[in-house]
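Q: The following file, my_file01.txt, comprises compact mmCIF, N, CA and C atoms:
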```txt
# COMPACT_ATOMS: atom_id res chain seq x y z
N MET A 1136 78.16 112.99 101.86
CA MET A 1136 79.60 112.91 101.65
C MET A 1136 79.96 113.74 100.42
N SER A 1137 81.03 114.51 100.54
CA SER A 1137 81.45 115.38 99.44
C SER A 1137 82.10 114.57 98.31
N VAL A 1138 82.18 115.19 97.16
CA VAL A 1138 82.84 114.56 96.01
C VAL A 1138 84.30 114.27 96.35
N THR A 1139 84.95 115.20 97.05
CA THR A 1139 86.34 115.00 97.46
C THR A 1139 86.48 113.75 98.31
N ALA A 1140 85.57 113.58 99.26
CA ALA A 1140 85.62 112.40 100.14
C ALA A 1140 85.36 111.12 99.36
N ILE A 1141 84.40 111.17 98.45
CA ILE A 1141 84.08 109.97 97.65
C ILE A 1141 85.29 109.55 96.81
N ILE A 1142 85.93 110.52 96.17
CA ILE A 1142 87.11 110.20 95.35
C ILE A 1142 88.24 109.69 96.26
N GLY A 1143 88.45 110.35 97.40
CA GLY A 1143 89.48 109.91 98.35
C GLY A 1143 89.24 108.50 98.85
N TYR A 1144 87.99 108.22 99.26
CA TYR A 1144 87.64 106.88 99.72
C TYR A 1144 87.86 105.85 98.61
N SER A 1145 87.45 106.20 97.40
CA SER A 1145 87.59 105.26 96.27
C SER A 1145 89.06 104.96 95.98
N LEU A 1146 89.87 106.01 95.91
CA LEU A 1146 91.30 105.80 95.66
C LEU A 1146 91.95 105.01 96.80
N ALA A 1147 91.60 105.34 98.03
CA ALA A 1147 92.16 104.61 99.18
C ALA A 1147 91.75 103.14 99.14
N GLY A 1148 90.51 102.89 98.77
CA GLY A 1148 90.06 101.50 98.65
C GLY A 1148 90.82 100.75 97.57
N LEU A 1149 91.04 101.41 96.44
CA LEU A 1149 91.80 100.78 95.35
C LEU A 1149 93.26 100.54 95.75
N LEU A 1150 93.86 101.53 96.42
CA LEU A 1150 95.24 101.34 96.89
C LEU A 1150 95.32 100.19 97.88
N SER A 1151 94.36 100.13 98.80
CA SER A 1151 94.35 99.05 99.80
C SER A 1151 94.19 97.69 99.15
N ALA A 1152 93.22 97.59 98.25
CA ALA A 1152 93.01 96.32 97.55
C ALA A 1152 94.25 95.94 96.75
N GLY A 1153 94.87 96.92 96.11
CA GLY A 1153 96.07 96.66 95.32
C GLY A 1153 97.22 96.13 96.15
N ILE A 1154 97.48 96.76 97.30
CA ILE A 1154 98.61 96.30 98.11
C ILE A 1154 98.31 94.96 98.77
N ILE A 1155 97.05 94.70 99.09
CA ILE A 1155 96.69 93.37 99.61
C ILE A 1155 96.92 92.31 98.53
N PHE A 1156 96.53 92.61 97.30
CA PHE A 1156 96.77 91.69 96.18
C PHE A 1156 98.26 91.45 95.99
N ILE A 1157 99.05 92.52 96.02
CA ILE A 1157 100.49 92.39 95.85
C ILE A 1157 101.08 91.54 96.97
N GLY A 1158 100.62 91.78 98.19
CA GLY A 1158 101.11 90.98 99.32
C GLY A 1158 100.78 89.51 99.15
N ALA A 1159 99.56 89.22 98.73
CA ALA A 1159 99.17 87.83 98.50
C ALA A 1159 100.01 87.21 97.40
N ARG A 1160 100.32 87.99 96.39
CA ARG A 1160 101.15 87.48 95.29
C ARG A 1160 102.55 87.14 95.77
N PHE A 1161 103.10 87.93 96.72
CA PHE A 1161 104.42 87.61 97.27
C PHE A 1161 104.38 86.29 98.04
N LEU A 1162 103.24 85.96 98.61
CA LEU A 1162 103.12 84.69 99.33
C LEU A 1162 102.87 83.51 98.39
N LEU A 1163 102.05 83.73 97.36
CA LEU A 1163 101.62 82.64 96.50
C LEU A 1163 102.44 82.47 95.23
N ALA A 1164 102.99 83.55 94.72
CA ALA A 1164 103.79 83.50 93.48
C ALA A 1164 104.98 84.45 93.63
N PRO A 1165 105.92 84.09 94.51
CA PRO A 1165 107.00 85.02 94.83
C PRO A 1165 107.88 85.42 93.64
N ARG A 1166 108.09 84.53 92.69
CA ARG A 1166 108.93 84.85 91.54
C ARG A 1166 108.27 85.94 90.68
N VAL A 1167 106.98 85.81 90.44
CA VAL A 1167 106.23 86.79 89.66
C VAL A 1167 106.20 88.13 90.41
N ALA A 1168 105.94 88.06 91.71
CA ALA A 1168 105.85 89.28 92.52
C ALA A 1168 107.19 90.01 92.56
N ALA A 1169 108.28 89.26 92.72
CA ALA A 1169 109.61 89.88 92.78
C ALA A 1169 109.95 90.54 91.45
N ALA A 1170 109.59 89.90 90.35
CA ALA A 1170 109.84 90.50 89.03
C ALA A 1170 109.03 91.79 88.88
N GLY A 1171 107.80 91.79 89.35
CA GLY A 1171 106.97 92.99 89.29
C GLY A 1171 107.49 94.11 90.18
N TYR A 1172 108.15 93.74 91.25
CA TYR A 1172 108.74 94.72 92.16
C TYR A 1172 109.90 95.45 91.49
N GLY A 1173 110.63 94.72 90.66
CA GLY A 1173 111.72 95.35 89.91
C GLY A 1173 113.09 94.79 90.19
N VAL A 1174 113.22 93.91 91.17
CA VAL A 1174 114.50 93.29 91.48
C VAL A 1174 114.22 91.81 91.75
N LEU A 1175 114.85 90.96 90.97
CA LEU A 1175 114.61 89.52 91.11
C LEU A 1175 115.73 88.89 91.93
N PRO A 1176 115.43 88.44 93.16
CA PRO A 1176 116.45 87.80 93.98
C PRO A 1176 116.69 86.36 93.51
N ASN A 1177 117.73 85.76 94.04
CA ASN A 1177 118.01 84.35 93.77
C ASN A 1177 117.06 83.52 94.62
N LEU A 1178 115.99 83.04 94.02
CA LEU A 1178 114.97 82.31 94.78
C LEU A 1178 115.36 80.87 95.07
N ASP A 1179 116.56 80.47 94.65
CA ASP A 1179 117.05 79.14 95.01
C ASP A 1179 117.55 79.13 96.45
N GLN A 1180 117.76 80.30 97.02
CA GLN A 1180 118.18 80.40 98.42
C GLN A 1180 116.93 80.49 99.30
N PRO A 1181 116.81 79.61 100.31
CA PRO A 1181 115.63 79.63 101.17
C PRO A 1181 115.41 80.98 101.86
N SER A 1182 116.48 81.69 102.15
CA SER A 1182 116.33 82.97 102.83
C SER A 1182 115.62 83.99 101.95
N ALA A 1183 115.79 83.90 100.64
CA ALA A 1183 115.11 84.84 99.73
C ALA A 1183 113.60 84.65 99.82
N THR A 1184 113.17 83.43 99.82
CA THR A 1184 111.74 83.15 99.94
C THR A 1184 111.19 83.65 101.27
N ALA A 1185 111.98 83.52 102.31
CA ALA A 1185 111.54 84.01 103.63
C ALA A 1185 111.34 85.51 103.60
N TYR A 1186 112.26 86.25 103.02
CA TYR A 1186 112.12 87.70 102.95
C TYR A 1186 110.93 88.12 102.09
N LEU A 1187 110.69 87.40 101.01
CA LEU A 1187 109.54 87.71 100.17
C LEU A 1187 108.24 87.44 100.92
N SER A 1188 108.22 86.41 101.75
CA SER A 1188 107.04 86.12 102.57
C SER A 1188 106.80 87.23 103.59
N VAL A 1189 107.86 87.73 104.19
CA VAL A 1189 107.74 88.84 105.13
C VAL A 1189 107.13 90.04 104.41
N LYS A 1190 107.63 90.34 103.22
CA LYS A 1190 107.10 91.47 102.47
C LYS A 1190 105.62 91.26 102.17
N GLY A 1191 105.25 90.07 101.81
CA GLY A 1191 103.84 89.78 101.52
C GLY A 1191 102.94 90.02 102.70
N VAL A 1192 103.32 89.51 103.87
CA VAL A 1192 102.51 89.69 105.07
C VAL A 1192 102.41 91.17 105.43
N ARG A 1193 103.50 91.89 105.33
CA ARG A 1193 103.48 93.32 105.67
C ARG A 1193 102.65 94.13 104.67
N ASP A 1194 102.69 93.76 103.41
CA ASP A 1194 101.85 94.45 102.43
C ASP A 1194 100.36 94.22 102.74
N ILE A 1195 100.01 92.99 103.05
CA ILE A 1195 98.61 92.69 103.39
C ILE A 1195 98.18 93.49 104.61
N ALA A 1196 99.00 93.51 105.64
CA ALA A 1196 98.67 94.26 106.85
C ALA A 1196 98.53 95.76 106.56
N THR A 1197 99.40 96.30 105.73
CA THR A 1197 99.33 97.72 105.38
C THR A 1197 98.01 98.06 104.71
N GLY A 1198 97.57 97.24 103.80
CA GLY A 1198 96.28 97.46 103.15
C GLY A 1198 95.13 97.37 104.13
N LEU A 1199 95.21 96.44 105.05
CA LEU A 1199 94.14 96.28 106.04
C LEU A 1199 94.08 97.46 107.01
N PHE A 1200 95.23 98.05 107.34
CA PHE A 1200 95.23 99.22 108.24
C PHE A 1200 94.33 100.32 107.66
N VAL A 1201 94.51 100.60 106.39
CA VAL A 1201 93.75 101.68 105.75
C VAL A 1201 92.27 101.31 105.67
N ILE A 1202 91.97 100.06 105.33
CA ILE A 1202 90.57 99.63 105.27
C ILE A 1202 89.90 99.80 106.63
N VAL A 1203 90.58 99.42 107.70
CA VAL A 1203 90.01 99.59 109.05
C VAL A 1203 89.69 101.06 109.31
N LEU A 1204 90.59 101.95 108.96
CA LEU A 1204 90.36 103.38 109.18
C LEU A 1204 89.20 103.90 108.35
N LEU A 1205 89.07 103.44 107.13
CA LEU A 1205 87.96 103.87 106.28
C LEU A 1205 86.63 103.35 106.80
N VAL A 1206 86.59 102.08 107.18
CA VAL A 1206 85.36 101.49 107.71
C VAL A 1206 84.96 102.17 109.02
N ALA A 1207 85.95 102.57 109.81
CA ALA A 1207 85.68 103.24 111.08
C ALA A 1207 85.23 104.69 110.89
N GLY A 1208 85.26 105.15 109.64
CA GLY A 1208 84.83 106.52 109.36
C GLY A 1208 85.86 107.56 109.77
N ALA A 1209 87.12 107.24 109.60
CA ALA A 1209 88.20 108.15 109.97
C ALA A 1209 89.02 108.54 108.74
N PRO A 1210 88.40 109.23 107.78
CA PRO A 1210 89.13 109.56 106.55
C PRO A 1210 90.33 110.47 106.79
N HIS A 1211 90.19 111.39 107.73
CA HIS A 1211 91.29 112.31 108.02
C HIS A 1211 92.52 111.53 108.50
N LEU A 1212 92.30 110.63 109.45
CA LEU A 1212 93.40 109.80 109.96
C LEU A 1212 93.93 108.87 108.86
N ALA A 1213 93.04 108.30 108.06
CA ALA A 1213 93.48 107.45 106.95
C ALA A 1213 94.37 108.24 105.99
N GLY A 1214 94.01 109.50 105.76
CA GLY A 1214 94.82 110.35 104.89
C GLY A 1214 96.22 110.54 105.43
N TRP A 1215 96.34 110.77 106.72
CA TRP A 1215 97.67 110.93 107.33
C TRP A 1215 98.46 109.63 107.31
N VAL A 1216 97.78 108.51 107.52
CA VAL A 1216 98.46 107.21 107.47
C VAL A 1216 98.98 106.95 106.05
N ILE A 1217 98.14 107.22 105.04
CA ILE A 1217 98.56 107.01 103.66
C ILE A 1217 99.72 107.94 103.30
N LEU A 1218 99.64 109.19 103.75
CA LEU A 1218 100.73 110.13 103.47
C LEU A 1218 102.03 109.63 104.10
N THR A 1219 101.96 109.16 105.33
CA THR A 1219 103.14 108.61 106.00
C THR A 1219 103.67 107.38 105.26
N ALA A 1220 102.74 106.54 104.81
CA ALA A 1220 103.13 105.30 104.12
C ALA A 1220 103.70 105.55 102.73
N THR A 1221 103.62 106.78 102.24
CA THR A 1221 104.19 107.11 100.93
C THR A 1221 105.69 106.86 100.91
N ILE A 1222 106.30 106.83 102.07
CA ILE A 1222 107.73 106.52 102.14
C ILE A 1222 108.02 105.12 101.58
N ILE A 1223 107.05 104.23 101.66
CA ILE A 1223 107.27 102.84 101.21
C ILE A 1223 107.53 102.79 99.70
N PRO A 1224 106.65 103.30 98.84
CA PRO A 1224 106.97 103.22 97.40
C PRO A 1224 108.16 104.09 97.01
N LEU A 1225 108.39 105.19 97.73
CA LEU A 1225 109.58 105.99 97.43
C LEU A 1225 110.85 105.21 97.73
N ALA A 1226 110.86 104.53 98.88
CA ALA A 1226 112.01 103.69 99.23
C ALA A 1226 112.13 102.52 98.26
N ASP A 1227 110.99 101.95 97.87
CA ASP A 1227 111.01 100.85 96.90
C ASP A 1227 111.66 101.29 95.59
N ALA A 1228 111.31 102.48 95.13
CA ALA A 1228 111.90 102.99 93.89
C ALA A 1228 113.42 103.13 94.04
N ALA A 1229 113.85 103.66 95.19
CA ALA A 1229 115.29 103.82 95.43
C ALA A 1229 115.98 102.45 95.49
N ILE A 1230 115.33 101.49 96.10
CA ILE A 1230 115.90 100.14 96.20
C ILE A 1230 116.05 99.52 94.82
N VAL A 1231 115.02 99.66 94.00
CA VAL A 1231 115.09 99.11 92.63
C VAL A 1231 116.23 99.76 91.86
N LEU A 1232 116.33 101.08 91.93
CA LEU A 1232 117.40 101.78 91.20
C LEU A 1232 118.77 101.41 91.74
N ARG A 1233 118.91 101.32 93.05
CA ARG A 1233 120.20 101.01 93.66
C ARG A 1233 120.67 99.60 93.34
N ASN A 1234 119.73 98.71 93.05
CA ASN A 1234 120.08 97.32 92.78
C ASN A 1234 120.00 96.95 91.31
N GLY A 1235 120.08 97.95 90.45
CA GLY A 1235 120.15 97.68 89.01
C GLY A 1235 118.84 97.29 88.37
N GLY A 1236 117.73 97.55 89.02
CA GLY A 1236 116.43 97.23 88.44
C GLY A 1236 116.07 98.22 87.35
N LEU A 1237 114.97 97.95 86.70
CA LEU A 1237 114.53 98.78 85.59
C LEU A 1237 114.04 100.15 86.08
N LYS A 1238 114.51 101.20 85.42
CA LYS A 1238 114.03 102.55 85.75
C LYS A 1238 112.53 102.67 85.50
N SER A 1239 112.05 101.98 84.47
CA SER A 1239 110.62 102.04 84.16
C SER A 1239 109.78 101.49 85.31
N VAL A 1240 110.27 100.48 85.99
CA VAL A 1240 109.55 99.94 87.15
C VAL A 1240 109.70 100.87 88.34
N ALA A 1241 110.90 101.37 88.57
CA ALA A 1241 111.13 102.28 89.69
C ALA A 1241 110.22 103.49 89.61
N TYR A 1242 110.18 104.12 88.44
CA TYR A 1242 109.38 105.33 88.29
C TYR A 1242 107.93 105.03 87.93
N GLY A 1243 107.73 104.08 87.03
CA GLY A 1243 106.38 103.79 86.54
C GLY A 1243 105.50 103.05 87.52
N VAL A 1244 106.07 102.19 88.33
CA VAL A 1244 105.29 101.46 89.33
C VAL A 1244 105.37 102.17 90.68
N HIS A 1245 106.57 102.25 91.22
CA HIS A 1245 106.73 102.80 92.57
C HIS A 1245 106.52 104.31 92.62
N GLY A 1246 107.04 105.03 91.64
CA GLY A 1246 106.88 106.48 91.61
C GLY A 1246 105.43 106.89 91.41
N VAL A 1247 104.75 106.24 90.48
CA VAL A 1247 103.33 106.55 90.25
C VAL A 1247 102.50 106.19 91.47
N THR A 1248 102.82 105.08 92.11
CA THR A 1248 102.10 104.70 93.33
C THR A 1248 102.26 105.78 94.40
N ALA A 1249 103.46 106.28 94.58
CA ALA A 1249 103.69 107.34 95.57
C ALA A 1249 102.87 108.58 95.22
N ALA A 1250 102.83 108.94 93.95
CA ALA A 1250 102.07 110.12 93.53
C ALA A 1250 100.57 109.94 93.80
N VAL A 1251 100.05 108.77 93.48
CA VAL A 1251 98.63 108.49 93.74
C VAL A 1251 98.36 108.52 95.25
N MET A 1252 99.28 108.03 96.02
CA MET A 1252 99.11 108.06 97.48
C MET A 1252 99.08 109.48 98.01
N VAL A 1253 99.92 110.36 97.49
CA VAL A 1253 99.93 111.76 97.93
C VAL A 1253 98.59 112.42 97.58
N VAL A 1254 98.10 112.20 96.37
CA VAL A 1254 96.81 112.77 95.97
C VAL A 1254 95.70 112.21 96.85
N THR A 1255 95.70 110.90 97.07
CA THR A 1255 94.68 110.27 97.90
C THR A 1255 94.69 110.82 99.30
N SER A 1256 95.88 110.94 99.87
CA SER A 1256 95.97 111.47 101.24
C SER A 1256 95.47 112.90 101.32
N ALA A 1257 95.78 113.71 100.31
CA ALA A 1257 95.30 115.10 100.31
C ALA A 1257 93.77 115.15 100.26
N LEU A 1258 93.18 114.29 99.44
CA LEU A 1258 91.72 114.26 99.35
C LEU A 1258 91.08 113.82 100.68
N LEU A 1259 91.67 112.83 101.33
CA LEU A 1259 91.11 112.35 102.59
C LEU A 1259 91.32 113.35 103.72
N ILE A 1260 92.46 113.99 103.75
CA ILE A 1260 92.73 114.99 104.79
C ILE A 1260 91.78 116.17 104.64
N ALA A 1261 91.47 116.52 103.38
CA ALA A 1261 90.57 117.65 103.13
C ALA A 1261 89.09 117.28 103.35
N ALA A 1262 88.80 115.99 103.39
CA ALA A 1262 87.39 115.54 103.51
C ALA A 1262 86.78 115.90 104.85
```
Starting from the file, give its structure as structure tokens.

A:
Amino acid sequence: MSVTAIIGYSLAGLLSAGIIFIGARFLLAPRVAAAGYGVLPNLDQPSATAYLSVKGVRDIATGLFVIVLLVAGAPHLAGWVILTATIIPLADAAIVLRNGGLKSVAYGVHGVTAAVMVVTSALLIAA
């Protein structure tokens, strides 16, 4: 395996583990997770908790998709999936900014995540 592939696999594994952790946090500690996302909803409303649970399950599934592709030995396909999924943190950044969240979270969390995803996808596609 090339150095490019090893770095790509490592970054993809870290991204996958990270989004699975974030998803679990939305299920287990929604207030903390929402604050980390950058927009804190009114958690006294039952519907807010429901939406945060949906986000948690989808984050966990997203991380598992990439892990399945890596385990199956499909780095090229994993790279394209990660590149496509880059829309998620970009949209998250826009959502945080549009809803009065902190710019530091929008750019520092969501923007940096998108950048790491682009680099990771390039490494996997080139592998």

Q: Identify, on the basis of only N, CA and C atoms, every residue whose closest approach to Pro1210 of chain A does not exceed 6 Å; exclude the query and any residue fewer than 6 positions from it along the same chain; express the result as a CSV table (one decimal) with N, CA and C atoms, keeping the file's coordinate frame.

A:
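Output file result-v6.csv is given in full below:
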```csv
chain,number,residue,atom,x,y,z
A,1204,LEU,N,90.6,102.0,109.0
A,1204,LEU,CA,90.4,103.4,109.2
A,1204,LEU,C,89.2,103.9,108.4
A,1259,LEU,N,91.7,112.8,101.3
A,1259,LEU,CA,91.1,112.4,102.6
A,1259,LEU,C,91.3,113.4,103.7
A,1260,ILE,N,92.5,114.0,103.8
A,1260,ILE,CA,92.7,115.0,104.8
A,1260,ILE,C,91.8,116.2,104.6
```

Q: Kindly list the centre and edge lengths in Å, rounded to one decimal, for the axis-aligned box that covers all listed atoms of segment 1244-1254 of chain A plus 8 Å on each of its six sides, as lines of an AutoDock Vina configuration file.

A:
```
center_x = 101.4
center_y = 107.1
center_z = 93.2
size_x = 27.3
size_y = 27.3
size_z = 25.7
```

Q: Quick one: residues within 7 Å of segment 1152-1160 of chain A, all atoms listed in the file counted, chain neighbours fewer than 3 positions away excluded, as a list of chain:residue names?

A: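 Selected residues are A:Ala1147, A:Gly1148, A:Leu1149, A:Leu1163, A:Ala1164, A:Pro1165, A:Arg1166, A:Val1167, A:Ala1168, A:Ala1169, A:Lys1190, A:Gly1191, A:Val1192, A:Arg1193, A:Asp1194, A:Ile1195, A:Ala1196, A:Thr1197, A:Gly1198, A:Leu1199.
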
Q: Could you give me the residues within chain A that DSSP places in helix (DSSP H, G or I), as a count of residues only?

A: 107

Q: Can you tell me, as a PyMOL selection string, what residues are no more than 6.5 Å from Gly1236 of chain A when counting all atoms listed in the file, ignoring any on the same chain fewer than 5 positions away?

A: chain A and resi 1173-1174+1230-1231+1241

Q: Next, dump the selected residues to file, keeping only N, CA and C atoms, as a PDB file, keeping the file's coordinate frame.

A:
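Saved to result_18.pdb:
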```
ATOM      1  N   GLY A1173     110.630  94.720  90.660  1.00  0.00           N
ATOM      2  CA  GLY A1173     111.720  95.350  89.910  1.00  0.00           C
ATOM      3  C   GLY A1173     113.090  94.790  90.190  1.00  0.00           C
ATOM      4  N   VAL A1174     113.220  93.910  91.170  1.00  0.00           N
ATOM      5  CA  VAL A1174     114.500  93.290  91.480  1.00  0.00           C
ATOM      6  C   VAL A1174     114.220  91.810  91.750  1.00  0.00           C
ATOM      7  N   ILE A1230     115.330 101.490  96.100  1.00  0.00           N
ATOM      8  CA  ILE A1230     115.900 100.140  96.200  1.00  0.00           C
ATOM      9  C   ILE A1230     116.050  99.520  94.820  1.00  0.00           C
ATOM     10  N   VAL A1231     115.020  99.660  94.000  1.00  0.00           N
ATOM     11  CA  VAL A1231     115.090  99.110  92.630  1.00  0.00           C
ATOM     12  C   VAL A1231     116.230  99.760  91.860  1.00  0.00           C
ATOM     13  N   ALA A1241     110.900 101.370  88.570  1.00  0.00           N
ATOM     14  CA  ALA A1241     111.130 102.280  89.690  1.00  0.00           C
ATOM     15  C   ALA A1241     110.220 103.490  89.610  1.00  0.00           C
TER      16      ALA A1241
END
```

Q: Distance atom CA of Val1251 of chain A-atom CA of Gly1143 of chain A, one decimal place?

A: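 Interatomic distance, atom CA of Val1251 of chain A to atom CA of Gly1143 of chain A: 10.3 Å.
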
Q: What does the distance from atom N of Leu1237 of chain A to atom C of Leu1225 of chain A come to in Å, to one decimal?

A: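 The value is 13.8 Å.
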
Q: Measuring atom to atom with only N, CA and C atoms, identify which of A:Val1244, A:Val1254, A:Leu1212, A:Leu1150 is nearest to Tyr1172 of chain A.

A: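 Ranking A:Val1244, A:Val1254, A:Leu1212, A:Leu1150 by distance to Tyr1172 of chain A, first place goes to A:Val1244.
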
Q: Would you work out the distance separating atom C of Ala1183 of chain A from atom C of Ile1223 of chain A, expressed in Å to one decimal?

A: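 Taking atom C of Ala1183 of chain A and atom C of Ile1223 of chain A, their separation equals 19.1 Å.
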
Q: Which residue, A:Ile1217, A:Leu1146, A:Val1240, A:Ile1222, has the smallest gap to Gly1171 of chain A when you use only C-alpha atoms?

A: A:Val1240

Q: Given only N, CA and C atoms as the basis, pick out the residue of A:Lys1238, A:Leu1232, A:Tyr1144, A:Ala1185 nearest to Leu1205 of chain A.

A: A:Tyr1144

Q: Rank A:Ser1182, A:Ser1145, A:Thr1255, A:Asn1177 by their smallest atom-to-atom distance to Ala1220 of chain A, using only C-alpha atoms, and report the top residue only.

A: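 Ranking A:Ser1182, A:Ser1145, A:Thr1255, A:Asn1177 by distance to Ala1220 of chain A, first place goes to A:Thr1255.
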
Q: Because the input lacks atoms here, generate N, CA, C and O atoms for segment 1214-1231 of chain A and report them as a PDB file, in the frame of the given file.

A:
```
ATOM      1  N   GLY A1214      94.010 109.500 105.760  1.00  0.00           N
ATOM      2  CA  GLY A1214      94.820 110.350 104.890  1.00  0.00           C
ATOM      3  C   GLY A1214      96.220 110.540 105.430  1.00  0.00           C
ATOM      4  O   GLY A1214      97.203 110.465 104.681  1.00  0.00           O
ATOM      5  N   TRP A1215      96.340 110.770 106.720  1.00  0.00           N
ATOM      6  CA  TRP A1215      97.670 110.930 107.330  1.00  0.00           C
ATOM      7  C   TRP A1215      98.460 109.630 107.310  1.00  0.00           C
ATOM      8  O   TRP A1215      99.669 109.636 107.078  1.00  0.00           O
ATOM      9  N   VAL A1216      97.780 108.510 107.520  1.00  0.00           N
ATOM     10  CA  VAL A1216      98.460 107.210 107.470  1.00  0.00           C
ATOM     11  C   VAL A1216      98.980 106.950 106.050  1.00  0.00           C
ATOM     12  O   VAL A1216     100.118 106.522 105.862  1.00  0.00           O
ATOM     13  N   ILE A1217      98.140 107.220 105.040  1.00  0.00           N
ATOM     14  CA  ILE A1217      98.560 107.010 103.660  1.00  0.00           C
ATOM     15  C   ILE A1217      99.720 107.940 103.300  1.00  0.00           C
ATOM     16  O   ILE A1217     100.683 107.528 102.650  1.00  0.00           O
ATOM     17  N   LEU A1218      99.640 109.190 103.750  1.00  0.00           N
ATOM     18  CA  LEU A1218     100.730 110.130 103.470  1.00  0.00           C
ATOM     19  C   LEU A1218     102.030 109.630 104.100  1.00  0.00           C
ATOM     20  O   LEU A1218     103.084 109.642 103.459  1.00  0.00           O
ATOM     21  N   THR A1219     101.960 109.160 105.330  1.00  0.00           N
ATOM     22  CA  THR A1219     103.140 108.610 106.000  1.00  0.00           C
ATOM     23  C   THR A1219     103.670 107.380 105.260  1.00  0.00           C
ATOM     24  O   THR A1219     104.871 107.216 105.094  1.00  0.00           O
ATOM     25  N   ALA A1220     102.740 106.540 104.810  1.00  0.00           N
ATOM     26  CA  ALA A1220     103.130 105.300 104.120  1.00  0.00           C
ATOM     27  C   ALA A1220     103.700 105.550 102.730  1.00  0.00           C
ATOM     28  O   ALA A1220     104.261 104.628 102.118  1.00  0.00           O
ATOM     29  N   THR A1221     103.620 106.780 102.240  1.00  0.00           N
ATOM     30  CA  THR A1221     104.190 107.110 100.930  1.00  0.00           C
ATOM     31  C   THR A1221     105.690 106.860 100.910  1.00  0.00           C
ATOM     32  O   THR A1221     106.282 106.640  99.847  1.00  0.00           O
ATOM     33  N   ILE A1222     106.300 106.830 102.070  1.00  0.00           N
ATOM     34  CA  ILE A1222     107.730 106.520 102.140  1.00  0.00           C
ATOM     35  C   ILE A1222     108.020 105.120 101.580  1.00  0.00           C
ATOM     36  O   ILE A1222     109.097 104.866 101.057  1.00  0.00           O
ATOM     37  N   ILE A1223     107.050 104.230 101.660  1.00  0.00           N
ATOM     38  CA  ILE A1223     107.270 102.840 101.210  1.00  0.00           C
ATOM     39  C   ILE A1223     107.530 102.790  99.700  1.00  0.00           C
ATOM     40  O   ILE A1223     108.579 102.271  99.281  1.00  0.00           O
ATOM     41  N   PRO A1224     106.650 103.300  98.840  1.00  0.00           N
ATOM     42  CA  PRO A1224     106.970 103.220  97.400  1.00  0.00           C
ATOM     43  C   PRO A1224     108.160 104.090  97.010  1.00  0.00           C
ATOM     44  O   PRO A1224     108.870 103.751  96.051  1.00  0.00           O
ATOM     45  N   LEU A1225     108.390 105.190  97.730  1.00  0.00           N
ATOM     46  CA  LEU A1225     109.580 105.990  97.430  1.00  0.00           C
ATOM     47  C   LEU A1225     110.850 105.210  97.730  1.00  0.00           C
ATOM     48  O   LEU A1225     111.798 105.205  96.945  1.00  0.00           O
ATOM     49  N   ALA A1226     110.860 104.530  98.880  1.00  0.00           N
ATOM     50  CA  ALA A1226     112.010 103.690  99.230  1.00  0.00           C
ATOM     51  C   ALA A1226     112.130 102.520  98.260  1.00  0.00           C
ATOM     52  O   ALA A1226     113.236 102.144  97.861  1.00  0.00           O
ATOM     53  N   ASP A1227     110.990 101.950  97.870  1.00  0.00           N
ATOM     54  CA  ASP A1227     111.010 100.850  96.900  1.00  0.00           C
ATOM     55  C   ASP A1227     111.660 101.290  95.590  1.00  0.00           C
ATOM     56  O   ASP A1227     112.467 100.555  95.015  1.00  0.00           O
ATOM     57  N   ALA A1228     111.310 102.480  95.130  1.00  0.00           N
ATOM     58  CA  ALA A1228     111.900 102.990  93.890  1.00  0.00           C
ATOM     59  C   ALA A1228     113.420 103.130  94.040  1.00  0.00           C
ATOM     60  O   ALA A1228     114.183 102.729  93.155  1.00  0.00           O
ATOM     61  N   ALA A1229     113.850 103.660  95.190  1.00  0.00           N
ATOM     62  CA  ALA A1229     115.290 103.820  95.430  1.00  0.00           C
ATOM     63  C   ALA A1229     115.980 102.450  95.490  1.00  0.00           C
ATOM     64  O   ALA A1229     117.086 102.288  94.958  1.00  0.00           O
ATOM     65  N   ILE A1230     115.330 101.490  96.100  1.00  0.00           N
ATOM     66  CA  ILE A1230     115.900 100.140  96.200  1.00  0.00           C
ATOM     67  C   ILE A1230     116.050  99.520  94.820  1.00  0.00           C
ATOM     68  O   ILE A1230     117.086  98.920  94.494  1.00  0.00           O
ATOM     69  N   VAL A1231     115.020  99.660  94.000  1.00  0.00           N
ATOM     70  CA  VAL A1231     115.090  99.110  92.630  1.00  0.00           C
ATOM     71  C   VAL A1231     116.230  99.760  91.860  1.00  0.00           C
ATOM     72  O   VAL A1231     117.041  99.076  91.227  1.00  0.00           O
TER      73      VAL A1231
END
```
